[in-house]
$ cat run.cif   # mmCIF, C-alpha atoms
data_query
loop_
_atom_site.label_atom_id
_atom_site.label_comp_id
_atom_site.auth_asym_id
_atom_site.auth_seq_id
_atom_site.Cartn_x
_atom_site.Cartn_y
_atom_site.Cartn_z
CA MET A 1 -9.79 0.10 -21.43
CA THR A 2 -11.95 3.20 -21.53
CA LYS A 3 -10.75 6.58 -20.40
CA GLN A 4 -12.86 6.40 -17.25
CA GLN A 5 -11.50 2.95 -16.40
CA PHE A 6 -7.97 4.21 -16.91
CA ILE A 7 -8.59 7.18 -14.63
CA ASP A 8 -10.17 4.99 -11.96
CA GLU A 9 -7.29 2.55 -12.10
CA LEU A 10 -4.72 5.30 -11.74
CA ASN A 11 -6.68 6.83 -8.87
CA ARG A 12 -6.89 3.52 -7.11
CA ARG A 13 -3.26 2.59 -7.40
CA LEU A 14 -1.81 6.01 -6.72
CA GLN A 15 -3.59 6.43 -3.41
CA ILE A 16 -0.29 6.83 -1.67
CA ILE A 17 0.36 10.05 -3.55
CA SER A 18 -1.24 13.26 -2.33
CA GLU A 19 -4.57 14.17 -3.90
CA LYS A 20 -3.25 17.32 -5.55
CA GLU A 21 -0.37 15.56 -7.22
CA ARG A 22 -2.54 12.64 -8.22
CA LYS A 23 -5.03 14.95 -9.87
CA ASP A 24 -2.20 16.71 -11.66
CA ILE A 25 -0.89 13.46 -13.07
CA ILE A 26 -4.29 12.21 -14.13
CA ASP A 27 -5.15 15.56 -15.73
CA GLU A 28 -2.06 15.39 -17.88
CA TYR A 29 -2.92 11.94 -19.10
CA CYS A 30 -6.48 13.00 -19.80
CA ASN A 31 -5.25 15.95 -21.80
CA HIS A 32 -2.98 13.70 -23.77
CA ILE A 33 -5.79 11.27 -24.52
CA ASP A 34 -8.06 14.10 -25.59
CA MET A 35 -5.46 15.51 -27.94
CA ARG A 36 -4.79 12.11 -29.43
CA MET A 37 -8.51 11.66 -29.94
CA ALA A 38 -8.66 15.05 -31.63
CA GLU A 39 -6.10 13.68 -34.07
CA GLY A 40 -8.38 10.80 -34.86
CA LYS A 41 -7.30 8.01 -32.54
CA SER A 42 -9.90 6.16 -30.57
CA GLU A 43 -9.98 6.27 -26.77
CA GLU A 44 -8.86 2.66 -26.49
CA GLU A 45 -5.97 3.11 -28.90
CA ALA A 46 -4.70 6.19 -27.12
CA ILE A 47 -4.66 4.31 -23.83
CA GLU A 48 -3.09 1.24 -25.39
CA ASP A 49 -0.23 3.43 -26.54
CA PHE A 50 0.61 4.02 -22.91
CA GLY A 51 1.71 0.44 -22.69
CA ASP A 52 1.67 -1.70 -19.62
CA ILE A 53 -0.18 0.12 -16.86
CA ASP A 54 1.82 -1.65 -14.16
CA GLU A 55 5.00 -0.23 -15.56
CA LEU A 56 3.38 3.17 -15.77
CA ILE A 57 2.37 3.12 -12.12
CA SER A 58 5.84 1.95 -11.22
CA ASP A 59 7.42 4.82 -13.13
CA ILE A 60 5.11 7.36 -11.57
CA LEU A 61 5.85 6.18 -8.06
CA ASP A 62 9.53 6.25 -8.89
CA ALA A 63 9.20 9.96 -9.47
CA TYR A 64 8.17 10.32 -5.84
CA LYS A 65 10.85 7.94 -4.63
CA ILE A 66 8.24 5.52 -3.39
CA ASN A 67 9.49 2.00 -3.17
CA THR A 68 8.07 0.21 -6.14
CA LYS A 69 9.80 -3.12 -5.81
CA SER A 70 6.82 -4.56 -4.06
CA MET A 71 4.43 -3.17 -6.66
CA GLN A 72 5.80 -5.36 -9.41
CA ASP A 73 4.63 -8.81 -10.08
CA GLU A 74 0.92 -8.25 -10.04
CA THR A 75 0.21 -11.75 -11.17
CA PHE A 76 -1.49 -13.88 -8.60
CA GLU A 77 1.43 -16.26 -8.55
CA GLY A 78 3.86 -13.45 -7.97
CA LYS A 79 1.75 -12.10 -5.18
CA MET A 80 1.41 -15.50 -3.60
CA ASN A 81 5.13 -16.06 -3.78
CA ARG A 82 5.90 -12.74 -2.25
CA PHE A 83 3.27 -13.27 0.37
CA LEU A 84 4.69 -16.64 1.35
CA ASP A 85 8.23 -15.29 1.34
CA ASP A 86 7.23 -12.43 3.56
CA LEU A 87 5.33 -14.77 5.81
CA PHE A 88 8.33 -17.00 6.16
CA GLU A 89 10.57 -14.02 6.86
CA GLY A 90 8.07 -12.82 9.40
CA LEU A 91 8.02 -16.15 11.19
CA LYS A 92 11.80 -16.31 11.27
CA LYS A 93 11.90 -12.85 12.74
CA ILE A 94 9.32 -13.76 15.33
CA VAL A 95 11.31 -16.78 16.43
CA SER A 96 14.52 -14.81 16.63
CA HIS A 97 12.80 -12.04 18.49
CA PHE A 98 11.17 -14.22 21.05
CA THR A 99 14.62 -14.97 22.28
CA SER A 100 15.46 -11.28 22.41
CA LEU A 101 12.18 -10.01 23.78
CA ASP A 102 11.96 -9.64 27.49
CA MET A 103 9.32 -11.51 29.42
CA ASP A 104 7.08 -8.48 29.38
CA GLY A 105 7.05 -8.33 25.61
CA VAL A 106 6.35 -12.02 25.24
CA VAL A 107 3.50 -11.99 27.70
CA HIS A 108 2.06 -8.93 26.06
CA LEU A 109 2.24 -10.54 22.66
CA LEU A 110 0.61 -13.76 23.74
CA PHE A 111 -2.09 -11.93 25.63
CA GLU A 112 -2.96 -9.83 22.63
CA LEU A 113 -3.03 -12.86 20.39
CA PHE A 114 -5.44 -14.46 22.80
CA ILE A 115 -7.67 -11.40 22.75
CA THR A 116 -7.63 -11.37 18.97
CA LEU A 117 -8.77 -14.97 18.88
CA ILE A 118 -11.58 -14.22 21.27
CA ILE A 119 -12.74 -11.29 19.19
CA LEU A 120 -12.64 -13.37 16.06
CA ALA A 121 -14.62 -16.12 17.75
CA VAL A 122 -17.23 -13.54 18.67
CA LEU A 123 -17.32 -12.26 15.14
CA ARG A 124 -18.06 -15.76 13.92
CA TRP A 125 -21.62 -15.40 15.23
CA PRO A 126 -22.81 -12.73 12.82
CA PHE A 127 -21.39 -14.73 9.96
CA GLU A 128 -23.13 -17.86 11.19
CA LEU A 129 -26.31 -15.84 11.51
CA ILE A 130 -26.05 -14.53 7.99
CA ALA A 131 -25.25 -18.02 6.74
CA ASP A 132 -28.23 -19.57 8.46
CA LEU A 133 -30.58 -16.81 7.40
CA GLY A 134 -29.48 -17.21 3.82
CA ASP A 135 -29.84 -20.93 4.14
CA SER A 136 -33.42 -20.92 5.38
CA LEU A 137 -34.38 -18.18 2.96
CA LEU A 138 -33.13 -20.15 0.01
CA ASP A 139 -34.85 -23.21 1.38
CA SER A 140 -38.23 -21.55 1.44
CA VAL A 141 -37.77 -19.89 -1.94
CA PHE A 142 -36.57 -22.83 -3.92
CA GLY A 143 -38.36 -25.69 -2.30
CA PHE A 144 -36.70 -28.54 -0.57
CA GLY A 145 -34.23 -30.32 -2.82
CA ILE A 146 -32.61 -27.47 -4.75
CA GLY A 147 -33.09 -25.18 -1.76
CA SER A 148 -30.94 -27.20 0.55
CA PHE A 149 -28.25 -27.38 -2.12
CA PHE A 150 -28.17 -23.62 -2.55
CA GLY A 151 -28.42 -23.19 1.18
CA GLY A 152 -25.41 -25.36 1.73
CA LEU A 153 -23.53 -23.52 -0.98
CA TRP A 154 -24.35 -20.16 0.57
CA HIS A 155 -23.30 -21.41 3.96
CA ALA A 156 -19.99 -22.62 2.60
CA VAL A 157 -19.31 -19.34 0.79
CA VAL A 158 -20.01 -17.29 3.89
CA MET A 159 -17.80 -19.49 6.04
CA ILE A 160 -14.99 -19.33 3.53
CA ILE A 161 -15.18 -15.56 3.49
CA PHE A 162 -15.03 -15.62 7.26
CA ILE A 163 -12.05 -17.95 7.37
CA VAL A 164 -10.16 -15.84 4.85
CA LEU A 165 -10.95 -12.76 6.89
CA CYS A 166 -9.66 -14.46 10.03
CA ILE A 167 -6.44 -15.48 8.39
CA VAL A 168 -5.87 -12.02 6.96
CA VAL A 169 -6.57 -10.43 10.31
CA ILE A 170 -4.37 -12.78 12.28
CA ILE A 171 -1.44 -12.43 9.95
CA ASN A 172 -1.87 -8.71 9.83
CA ILE A 173 -1.95 -8.29 13.56
CA PHE A 174 0.88 -10.66 14.12
CA ALA A 175 3.04 -8.85 11.62
CA LYS A 176 2.24 -5.52 13.17
CA ARG A 177 2.74 -6.58 16.74
CA VAL A 178 6.10 -8.06 15.92
CA SER A 179 7.19 -4.95 14.10
CA HIS A 180 5.95 -2.81 16.98
CA TYR A 181 7.91 -4.74 19.51
CA ARG A 182 10.86 -4.84 17.27
CA HIS A 183 11.08 -1.10 17.34
CA ARG A 184 10.02 -0.93 20.96
CA GLU A 185 7.52 1.67 19.86
CA HIS A 186 4.25 1.22 21.55
CA ASP A 187 3.06 4.58 20.28
CA GLY A 188 -0.34 3.96 21.75
CA LYS A 189 -1.53 1.69 18.98
CA THR A 190 -3.32 -1.27 20.39
CA VAL A 191 -4.73 -4.41 18.95
CA ILE A 192 -7.98 -2.56 18.39
CA ASP A 193 -6.41 -0.26 15.84
CA ASP A 194 -4.79 -3.20 14.13
CA LEU A 195 -8.07 -5.02 14.05
CA LYS A 196 -9.84 -2.05 12.54
CA GLU A 197 -7.23 -1.66 9.89
CA SER A 198 -7.46 -5.31 9.07
CA PHE A 199 -10.99 -4.86 7.87
CA SER A 200 -9.60 -3.50 4.65
CA PHE A 201 -8.01 -6.12 2.41
CA GLU A 202 -5.88 -3.68 0.55
CA GLN A 203 -4.44 -2.53 3.81
CA ALA A 204 -3.49 -6.11 4.49
CA LYS A 205 -1.45 -6.35 1.34
CA GLU A 206 0.08 -2.98 1.93
CA ASN A 207 1.13 -4.07 5.40
CA ILE A 208 3.08 -6.92 4.00
CA HIS A 209 4.65 -4.40 1.64
CA ASN A 210 5.36 -2.12 4.53
CA MET A 211 7.12 -4.94 6.27
CA SER A 212 9.44 -5.36 3.33
CA ASN A 213 9.74 -1.56 3.13
CA GLU A 214 10.82 -1.54 6.71
CA LYS A 215 13.36 -4.22 6.03
CA GLU A 216 15.01 -2.04 3.40
CA ALA A 217 14.90 0.97 5.66
CA GLU A 218 16.59 -0.98 8.41
CA ALA A 219 19.58 -1.67 6.25
CA GLY A 220 20.00 2.10 6.07
CA ALA A 221 19.64 3.31 9.54
CA ALA A 222 18.04 5.15 12.24
CA HIS A 223 14.82 5.51 14.02
CA GLU A 224 14.27 8.80 12.24
CA LYS A 225 13.94 7.20 8.89
CA MET A 226 11.62 4.69 10.43
CA TYR A 227 9.52 7.47 11.81
CA HIS A 228 9.29 9.11 8.42
CA GLU A 229 8.26 5.93 6.75
CA ARG A 230 5.60 5.64 9.34
CA GLN A 231 4.15 8.96 8.29
CA PRO A 232 2.57 7.73 5.08
CA TYR A 233 1.70 4.64 7.04
CA ASP A 234 -0.12 6.71 9.63
CA ASP A 235 -1.93 8.67 6.98
CA LYS A 236 -3.22 5.43 5.65
CA ASP A 237 -4.34 4.46 9.13
CA ASP A 238 -6.50 7.52 9.37
CA ARG A 239 -7.83 6.83 5.97
CA THR A 240 -8.60 3.22 6.62
CA THR A 241 -10.26 3.89 9.92
CA TYR A 242 -12.24 6.51 8.06
CA ARG A 243 -12.99 4.01 5.37
CA TYR A 244 -14.03 1.60 8.06
CA ARG A 245 -16.55 4.04 9.31
CA ASP A 246 -17.88 5.04 5.95
CA SER A 247 -18.08 1.82 4.04
CA SER A 248 -21.56 0.46 4.09
CA ALA A 249 -20.34 -3.11 3.79
CA ASN A 250 -18.83 -2.81 7.24
CA SER A 251 -21.63 -0.95 8.98
CA ALA A 252 -23.89 -3.99 9.06
CA VAL A 253 -21.08 -5.94 10.63
CA SER A 254 -20.37 -3.13 13.04
CA ILE A 255 -23.98 -3.05 14.20
CA LEU A 256 -23.89 -6.77 14.78
CA ILE A 257 -20.59 -6.39 16.56
CA LYS A 258 -22.07 -3.75 18.83
CA ILE A 259 -24.94 -6.04 19.74
CA PHE A 260 -22.64 -8.89 20.58
CA ALA A 261 -20.29 -6.58 22.40
CA VAL A 262 -23.09 -5.55 24.71
CA LEU A 263 -24.06 -9.16 25.24
CA CYS A 264 -20.47 -10.06 26.08
CA MET A 265 -20.00 -7.12 28.35
CA ILE A 266 -22.80 -8.16 30.70
CA PRO A 267 -21.17 -11.35 31.97
CA LEU A 268 -17.78 -9.65 31.94
CA ILE A 269 -19.02 -6.87 34.16
CA GLY A 270 -20.57 -9.48 36.39
CA ILE A 271 -17.20 -11.18 36.63
CA MET A 272 -15.61 -7.87 37.51
CA VAL A 273 -18.09 -7.31 40.32
CA GLY A 274 -17.51 -10.81 41.66
CA LEU A 275 -13.76 -10.35 41.55
CA SER A 276 -13.99 -7.08 43.43
CA ILE A 277 -15.97 -8.80 46.17
CA LEU A 278 -13.36 -11.54 46.20
CA LEU A 279 -10.62 -8.98 46.53
CA ALA A 280 -12.41 -7.37 49.42
CA ILE A 281 -12.68 -10.76 51.12
CA MET A 282 -8.96 -11.33 50.55
CA VAL A 283 -8.16 -8.03 52.22
CA VAL A 284 -10.37 -8.95 55.16
CA CYS A 285 -8.55 -12.27 55.43
CA SER A 286 -5.20 -10.52 55.40
CA VAL A 287 -6.32 -8.26 58.17
CA GLN A 288 -7.19 -11.39 60.12
CA GLY A 289 -3.63 -12.49 59.51
CA PHE A 290 -4.47 -14.98 56.81
CA THR A 291 -2.71 -13.88 53.63
CA MET A 292 -2.73 -15.99 50.54
CA VAL A 293 -0.30 -14.37 48.13
CA GLY A 294 -1.07 -16.74 45.31
CA ALA A 295 -4.77 -16.12 45.51
CA TYR A 296 -4.18 -12.38 45.56
CA LEU A 297 -2.17 -12.61 42.39
CA ILE A 298 -4.82 -14.66 40.66
CA VAL A 299 -7.61 -12.29 41.60
CA ILE A 300 -5.70 -9.18 40.61
CA GLY A 301 -4.58 -10.81 37.39
CA LEU A 302 -8.13 -11.76 36.53
CA MET A 303 -9.36 -8.27 37.28
CA ILE A 304 -6.75 -6.70 35.03
CA GLY A 305 -7.49 -9.17 32.29
CA ASP A 306 -11.21 -8.67 32.63
CA GLY A 307 -10.80 -4.90 32.63
CA ALA A 308 -8.65 -5.08 29.53
CA VAL A 309 -11.17 -7.23 27.69
CA ILE A 310 -14.05 -4.96 28.61
CA ASP A 311 -12.03 -1.96 27.56
CA LEU A 312 -11.04 -3.57 24.27
CA ILE A 313 -14.54 -4.60 23.41
CA SER A 314 -16.08 -1.29 24.32
CA SER A 315 -13.58 0.85 22.46
CA PHE A 316 -13.63 -1.47 19.47
CA ALA A 317 -17.36 -1.57 19.24
CA PHE A 318 -18.30 1.89 20.35
CA LYS A 319 -15.57 4.31 19.61
CA GLY A 320 -14.94 3.16 16.08
CA GLY A 321 -12.46 5.77 14.84
CA LYS A 322 -10.32 7.91 17.04
CA MET B 1 14.87 -0.89 -31.02
CA ASN B 2 16.28 -1.98 -27.71
CA THR B 3 14.24 -0.51 -24.84
CA GLN B 4 17.23 -0.12 -22.59
CA PHE B 5 18.93 2.20 -25.08
CA LYS B 6 15.78 4.26 -25.36
CA LYS B 7 15.22 4.57 -21.65
CA GLY B 8 18.77 5.63 -21.05
CA VAL B 9 18.78 8.48 -23.51
CA LEU B 10 15.20 9.62 -22.96
CA GLU B 11 16.09 11.99 -20.17
CA LEU B 12 18.71 13.67 -22.28
CA ILE B 13 16.36 14.13 -25.19
CA VAL B 14 13.65 15.57 -22.96
CA LEU B 15 16.08 18.03 -21.42
CA LEU B 16 17.45 19.08 -24.81
CA SER B 17 13.94 19.63 -26.16
CA VAL B 18 12.89 21.88 -23.30
CA ASN B 19 16.20 23.68 -23.53
CA LYS B 20 15.20 24.90 -26.99
CA LYS B 21 11.92 26.28 -25.75
CA ASP B 22 9.33 25.83 -23.02
CA MET B 23 6.89 23.12 -23.95
CA TYR B 24 3.75 21.56 -22.62
CA GLY B 25 3.29 17.84 -22.05
CA TYR B 26 1.76 16.75 -25.30
CA GLU B 27 4.04 18.90 -27.39
CA LEU B 28 7.03 17.43 -25.62
CA VAL B 29 5.85 13.89 -26.19
CA SER B 30 5.51 14.59 -29.90
CA GLU B 31 8.97 16.13 -30.09
CA VAL B 32 10.60 13.24 -28.32
CA SER B 33 8.72 10.68 -30.39
CA LYS B 34 10.32 12.17 -33.49
CA VAL B 35 13.76 11.29 -32.22
CA VAL B 36 13.08 8.04 -30.45
CA ASP B 37 10.01 5.84 -30.44
CA VAL B 38 9.00 5.46 -26.81
CA ASN B 39 5.90 4.56 -24.94
CA GLU B 40 4.09 7.88 -24.56
CA GLY B 41 2.90 6.99 -21.12
CA THR B 42 6.35 6.83 -19.62
CA ILE B 43 7.28 10.37 -20.60
CA TYR B 44 4.86 11.94 -18.12
CA PRO B 45 6.30 10.20 -15.08
CA LEU B 46 9.73 11.24 -16.31
CA LEU B 47 8.57 14.86 -16.49
CA LYS B 48 7.13 14.52 -13.00
CA ARG B 49 10.39 13.18 -11.66
CA LEU B 50 12.48 15.89 -13.28
CA THR B 51 10.08 18.51 -11.88
CA ASN B 52 10.26 16.99 -8.39
CA GLU B 53 14.03 17.11 -8.64
CA LYS B 54 13.84 20.82 -9.46
CA TYR B 55 15.24 20.49 -12.97
CA PHE B 56 11.97 21.78 -14.37
CA GLU B 57 9.61 24.51 -13.38
CA THR B 58 6.01 24.40 -14.48
CA TYR B 59 3.47 27.10 -15.16
CA LEU B 60 -0.01 27.16 -16.61
CA GLU B 61 -0.96 29.09 -19.69
CA GLU B 62 -4.39 29.52 -21.19
CA SER B 63 -4.94 27.96 -24.59
CA LYS B 64 -7.64 28.58 -27.17
CA GLU B 65 -7.95 24.91 -28.00
CA GLY B 66 -9.04 23.68 -24.61
CA PRO B 67 -8.06 23.61 -20.94
CA PRO B 68 -5.03 25.58 -19.71
CA ARG B 69 -1.77 23.89 -20.55
CA LYS B 70 1.02 23.09 -18.16
CA TYR B 71 4.32 24.29 -19.58
CA TYR B 72 7.71 22.94 -18.58
CA HIS B 73 10.66 25.28 -18.22
CA LEU B 74 14.28 24.31 -17.69
CA THR B 75 15.77 25.71 -14.48
CA ILE B 76 19.40 26.68 -13.97
CA LEU B 77 19.84 23.40 -12.13
CA GLY B 78 18.21 21.64 -15.05
CA ARG B 79 20.47 23.30 -17.56
CA ARG B 80 23.51 22.25 -15.57
CA TYR B 81 22.20 18.71 -15.36
CA GLN B 82 21.50 18.64 -19.07
CA LYS B 83 25.06 19.74 -19.89
CA GLU B 84 26.39 17.08 -17.56
CA LEU B 85 24.22 14.39 -19.15
CA LEU B 86 25.30 15.50 -22.62
CA ARG B 87 28.91 15.22 -21.64
CA GLU B 88 28.38 11.78 -20.16
CA TRP B 89 26.55 10.67 -23.27
CA SER B 90 29.31 11.86 -25.58
CA THR B 91 31.99 10.13 -23.55
CA PHE B 92 29.90 7.01 -23.40
CA CYS B 93 29.25 7.02 -27.13
CA LYS B 94 32.90 7.56 -27.90
CA GLN B 95 34.02 4.70 -25.69
CA VAL B 96 31.42 2.31 -27.03
CA ASN B 97 32.18 3.20 -30.63
CA GLU B 98 35.89 2.75 -30.09
CA PHE B 99 35.26 -0.64 -28.58
CA ILE B 100 33.06 -1.59 -31.52
CA LYS B 101 35.75 -0.54 -33.94
CA GLU B 102 38.28 -2.71 -32.15
CA SER B 103 35.92 -5.65 -32.19
CA GLU B 104 35.29 -5.24 -35.90
CA GLU B 105 39.01 -5.19 -36.63
CA TYR B 106 39.41 -8.29 -34.57
CA ASP B 107 36.47 -9.84 -36.41
CA GLU B 108 37.97 -9.16 -39.82
CA ALA B 109 41.33 -10.42 -38.70
CA ALA B 110 39.76 -13.58 -37.35
CA VAL B 111 37.95 -14.42 -40.56
CA TYR B 112 41.22 -14.68 -42.41
#

$ encode --input "run.cif" --output "C-alpha cells"
Amino acid sequence: MTKQQFIDELNRRLQIISEKERKDIIDEYCNHIDMRMAEGKSEEEAIEDFGDIDELISDILDAYKINTKSMQDETFEGKMNRFLDDLFEGLKKIVSHFTSLDMDGVVHLLFELFITLIILAVLRWPFELIADLGDSLLDSVFGFGIGSFFGGLWHAVVMIIFIVLCIVVIINIFAKRVSHYRHREHDGKTVIDDLKESFSFEQAKENIHNMSNEKEAEAGAAHEKMYHERQPYDDKDDRTTYRYRDSSANSAVSILIKIFAVLCMIPLIGIMVGLSILLAIMVVCSVQGFTMVGAYLIVIGLMIGDGAVIDLISSFAFKGGK
Amino acid sequence: MNTQFKKGVLELIVLLSVNKKDMYGYELVSEVSKVVDVNEGTIYPLLKRLTNEKYFETYLEESKEGPPRKYYHLTILGRRYQKELLREWSTFCKQVNEFIKESEEYDEAAVY
C-alpha cells in the first residue's frame, strides 16, 4: 500500500471522527512514515509495519469510545452473516412490535411502505430508459449479433443494480421506521429523508450497525443516551444529504426523478381537483338531508392520501436537502 | 512473544517512558520498541486514548528536521494512573510467579 492509499483508507474509515482529530491522527502516521523512510525503509515497508489496518482502525475508534464491534469482520462472509443476523433480529422485532404498536402506528407504517414501493416503481423508469438506450446504442455500434448480446448484458447489469438498490432501500427504510416507532420519536423525519439517505450504500451498512448500536444502548438505559447516540447519526444525515446533492452520480438520477415527478404530479393534481368537487357534492347532498358517511370517509381519505403523495413527491424531487 | 502479554503491558511502558521525559510520537515508539516488540501502528491509537482520557497533555514544538512535533507530557492524573498500573503489575507478576513456582514444584514431585 502506498502512503497516499493508506491516508485515503484512514480518511474513509474514520469519517465518524471529527475532521480535526482525524487530521491529527493521519498527520502523526505520516510523520512516522516519513521518519522511517529517512532511516532507509521504503514506503511500503513502513506501512506494512503497522500491521493489519482493520485492527488499527479498531484501536483508533476505541480511543474515542466508538463501538467497534460491528467494524470487525470485514470479510464478505462476515458481513453477510452479520447482515443476515441483523435482518433476522429486525424481523423478529417488527413482529413483536406489531403486537405492541397501536393501530395508528401500524397504519402509518403500512402506508409509508406503500409509498416507498410506489416511489421505487417510479424510479424503475429511468433505469429502464438507461438500459434501453444502452441496448440500442450497443446494437448500432457492434452490429446485430454481438450487439444484441452486449445489449442484453448491459440491460441485465442495469436491472441488477436497480434491484440491489431497491432491496437496500427497502431494508433501510424498514429498519429505520421500526426503530423510529420503537422509540416513539417521530422527530420530523419522514420517509423522504430515509429515502435520500438510502442513496448512499455506506449509509446503508452503517444503519445496520446503528441498529446493533442501539441494541447495546438499550441494555443500558434511557432516552438520553439514545438521543446522544443519535447525534453522530444526525451528523451523518446532514452529510449524506449533502453528499446526495453533490455527488454527480446521483444528479443524473435526480434530474430524471424530477421529470417523472412532474409527470406524476399532473394526474395526481387532477385527482385532487376531482375529489374536491366530489366533496363539495357530498356536502350539498348532506344539506339536502342525504348523508353518506362511508362515502365521506372514502373521499376524505383519498384526499389526504393524494395530498400526502403529492407532498412526498414534490419535497423529494424538488427540495433535495433541508 | 505472546501478543496478549504485550498489549497488556504496553500502556505501562508508554506511561513510564513519558514519565522520564516528554517525548514526541516517533521517539516514543522507538523507546517502547526497545523494551517490547509491538506493532508500531497500535501505539498511536494508544497515545490518542491516553490523551483523550486526560493522562497526557500534548504541545507542539518546532523542529529543525521537519514539521513541528507533537510532544506528550504526563499529567498529574497520568502520573497517578501510572503509579497505580505499576502497583497492579507488580502484584500481578508476584502472584503469577508464585503460582509458577508451585506448579514447578508439583511438576518435579510428579516426575518421581

$ residues_around --input "run.cif" --residues "Glu40 (chain B)" --least-positions-apart "3" --cutoff "12 Å" --atoms "all atoms listed in the file" --output "MDAnalysis selection string"
(chainID A and resid 28:29 32:33 36 45:53 56) or (chainID B and resid 7 10 25:34 36:37 43:47)

$ resolve_selection --input "run.cif" --expression "the PyMOL selection byres ((chain B and resi 11) around 12)" --output "number ranges by chain"
B: 5-10, 12-18, 28, 32, 36, 38, 42-50, 55, 78, 81-86, 89

$ atom_distance --input "run.cif" --atom1 "CA of Ile57 (chain A)" --atom2 "CA of Asp24 (chain A)"
14.3 Å

$ residues_around --input "run.cif" --residues "region 130-142 of chain A" --least-positions-apart "5" --cutoff "10 Å" --atoms "only C-alpha atoms" --output "CSV table (one decimal) with C-alpha atoms, in the frame of the given file"
chain,number,residue,atom,x,y,z
A,125,TRP,CA,-21.6,-15.4,15.2
A,147,GLY,CA,-33.1,-25.2,-1.8
A,148,SER,CA,-30.9,-27.2,0.6
A,149,PHE,CA,-28.2,-27.4,-2.1
A,150,PHE,CA,-28.2,-23.6,-2.6
A,151,GLY,CA,-28.4,-23.2,1.2
A,152,GLY,CA,-25.4,-25.4,1.7
A,153,LEU,CA,-23.5,-23.5,-1.0
A,154,TRP,CA,-24.4,-20.2,0.6
A,155,HIS,CA,-23.3,-21.4,4.0
A,156,ALA,CA,-20.0,-22.6,2.6
A,157,VAL,CA,-19.3,-19.3,0.8
A,158,VAL,CA,-20.0,-17.3,3.9
A,159,MET,CA,-17.8,-19.5,6.0

$ atom_distance --input "run.cif" --atom1 "CA of Asn31 (chain A)" --atom2 "CA of Asn19 (chain B)"
22.9 Å

$ atom_distance --input "run.cif" --atom1 "CA of Leu165 (chain A)" --atom2 "CA of Leu113 (chain A)"
15.7 Å

$ resolve_selection --input "run.cif" --expression "the PyMOL selection byres ((chain A and resi 9-23) around 10)" --output "list in words"
Met1, Lys3, Gln4, Gln5, Phe6, Ile7, Asp8, Asp24, Ile25, Ile26, Asp27, Glu28, Tyr29, Ile53, Asp54, Leu56, Ile57, Ser58, Ile60, Leu61, Tyr64, Ile66, Met71, Pro232, Tyr233, Asp235 and Lys236 of chain A; Lys48 of chain B

$ residues_around --input "run.cif" --residues "Ile298 (chain A)" --least-positions-apart "6" --cutoff "12 Å" --atoms "only C-alpha atoms" --output "list of chain:residue names"
A:Leu275, A:Leu278, A:Leu279, A:Met282, A:Met292, A:Ile304, A:Gly305, A:Asp306

$ resolve_selection --input "run.cif" --expression "the PyMOL selection byres ((chain B and resi 68-70) around 9)" --output "list in words"
Glu28 and Asn31 of chain A; Met23, Tyr24, Gly25, Thr58, Tyr59, Leu60, Glu61, Glu62, Ser63, Lys64, Glu65, Gly66, Pro67, Tyr71 and Tyr72 of chain B

$ closest_residue --input "run.cif" --among "A:Phe290, A:Ala38, A:Ile94, A:Asp62" --to "chain B" --atoms "all atoms listed in the file"
A:Asp62

$ closest_residue --input "run.cif" --among "B:Ser90, B:Glu53, B:Val35, B:Thr75" --to "chain A" --atoms "only C-alpha atoms"
B:Glu53

$ closest_residue --input "run.cif" --among "B:Ala109, B:Glu102, B:Thr51, B:Cys93" --to "Leu74 (chain B)" --atoms "all atoms listed in the file"
B:Thr51

$ axis_aligned_box --input "run.cif" --around "region 80-85 of chain B" --padding-each-side "8 Å" --output "lines of an AutoDock Vina configuration file"
center_x = 23.9
center_y = 18.3
center_z = -17.6
size_x = 20.9
size_y = 23.9
size_z = 20.5
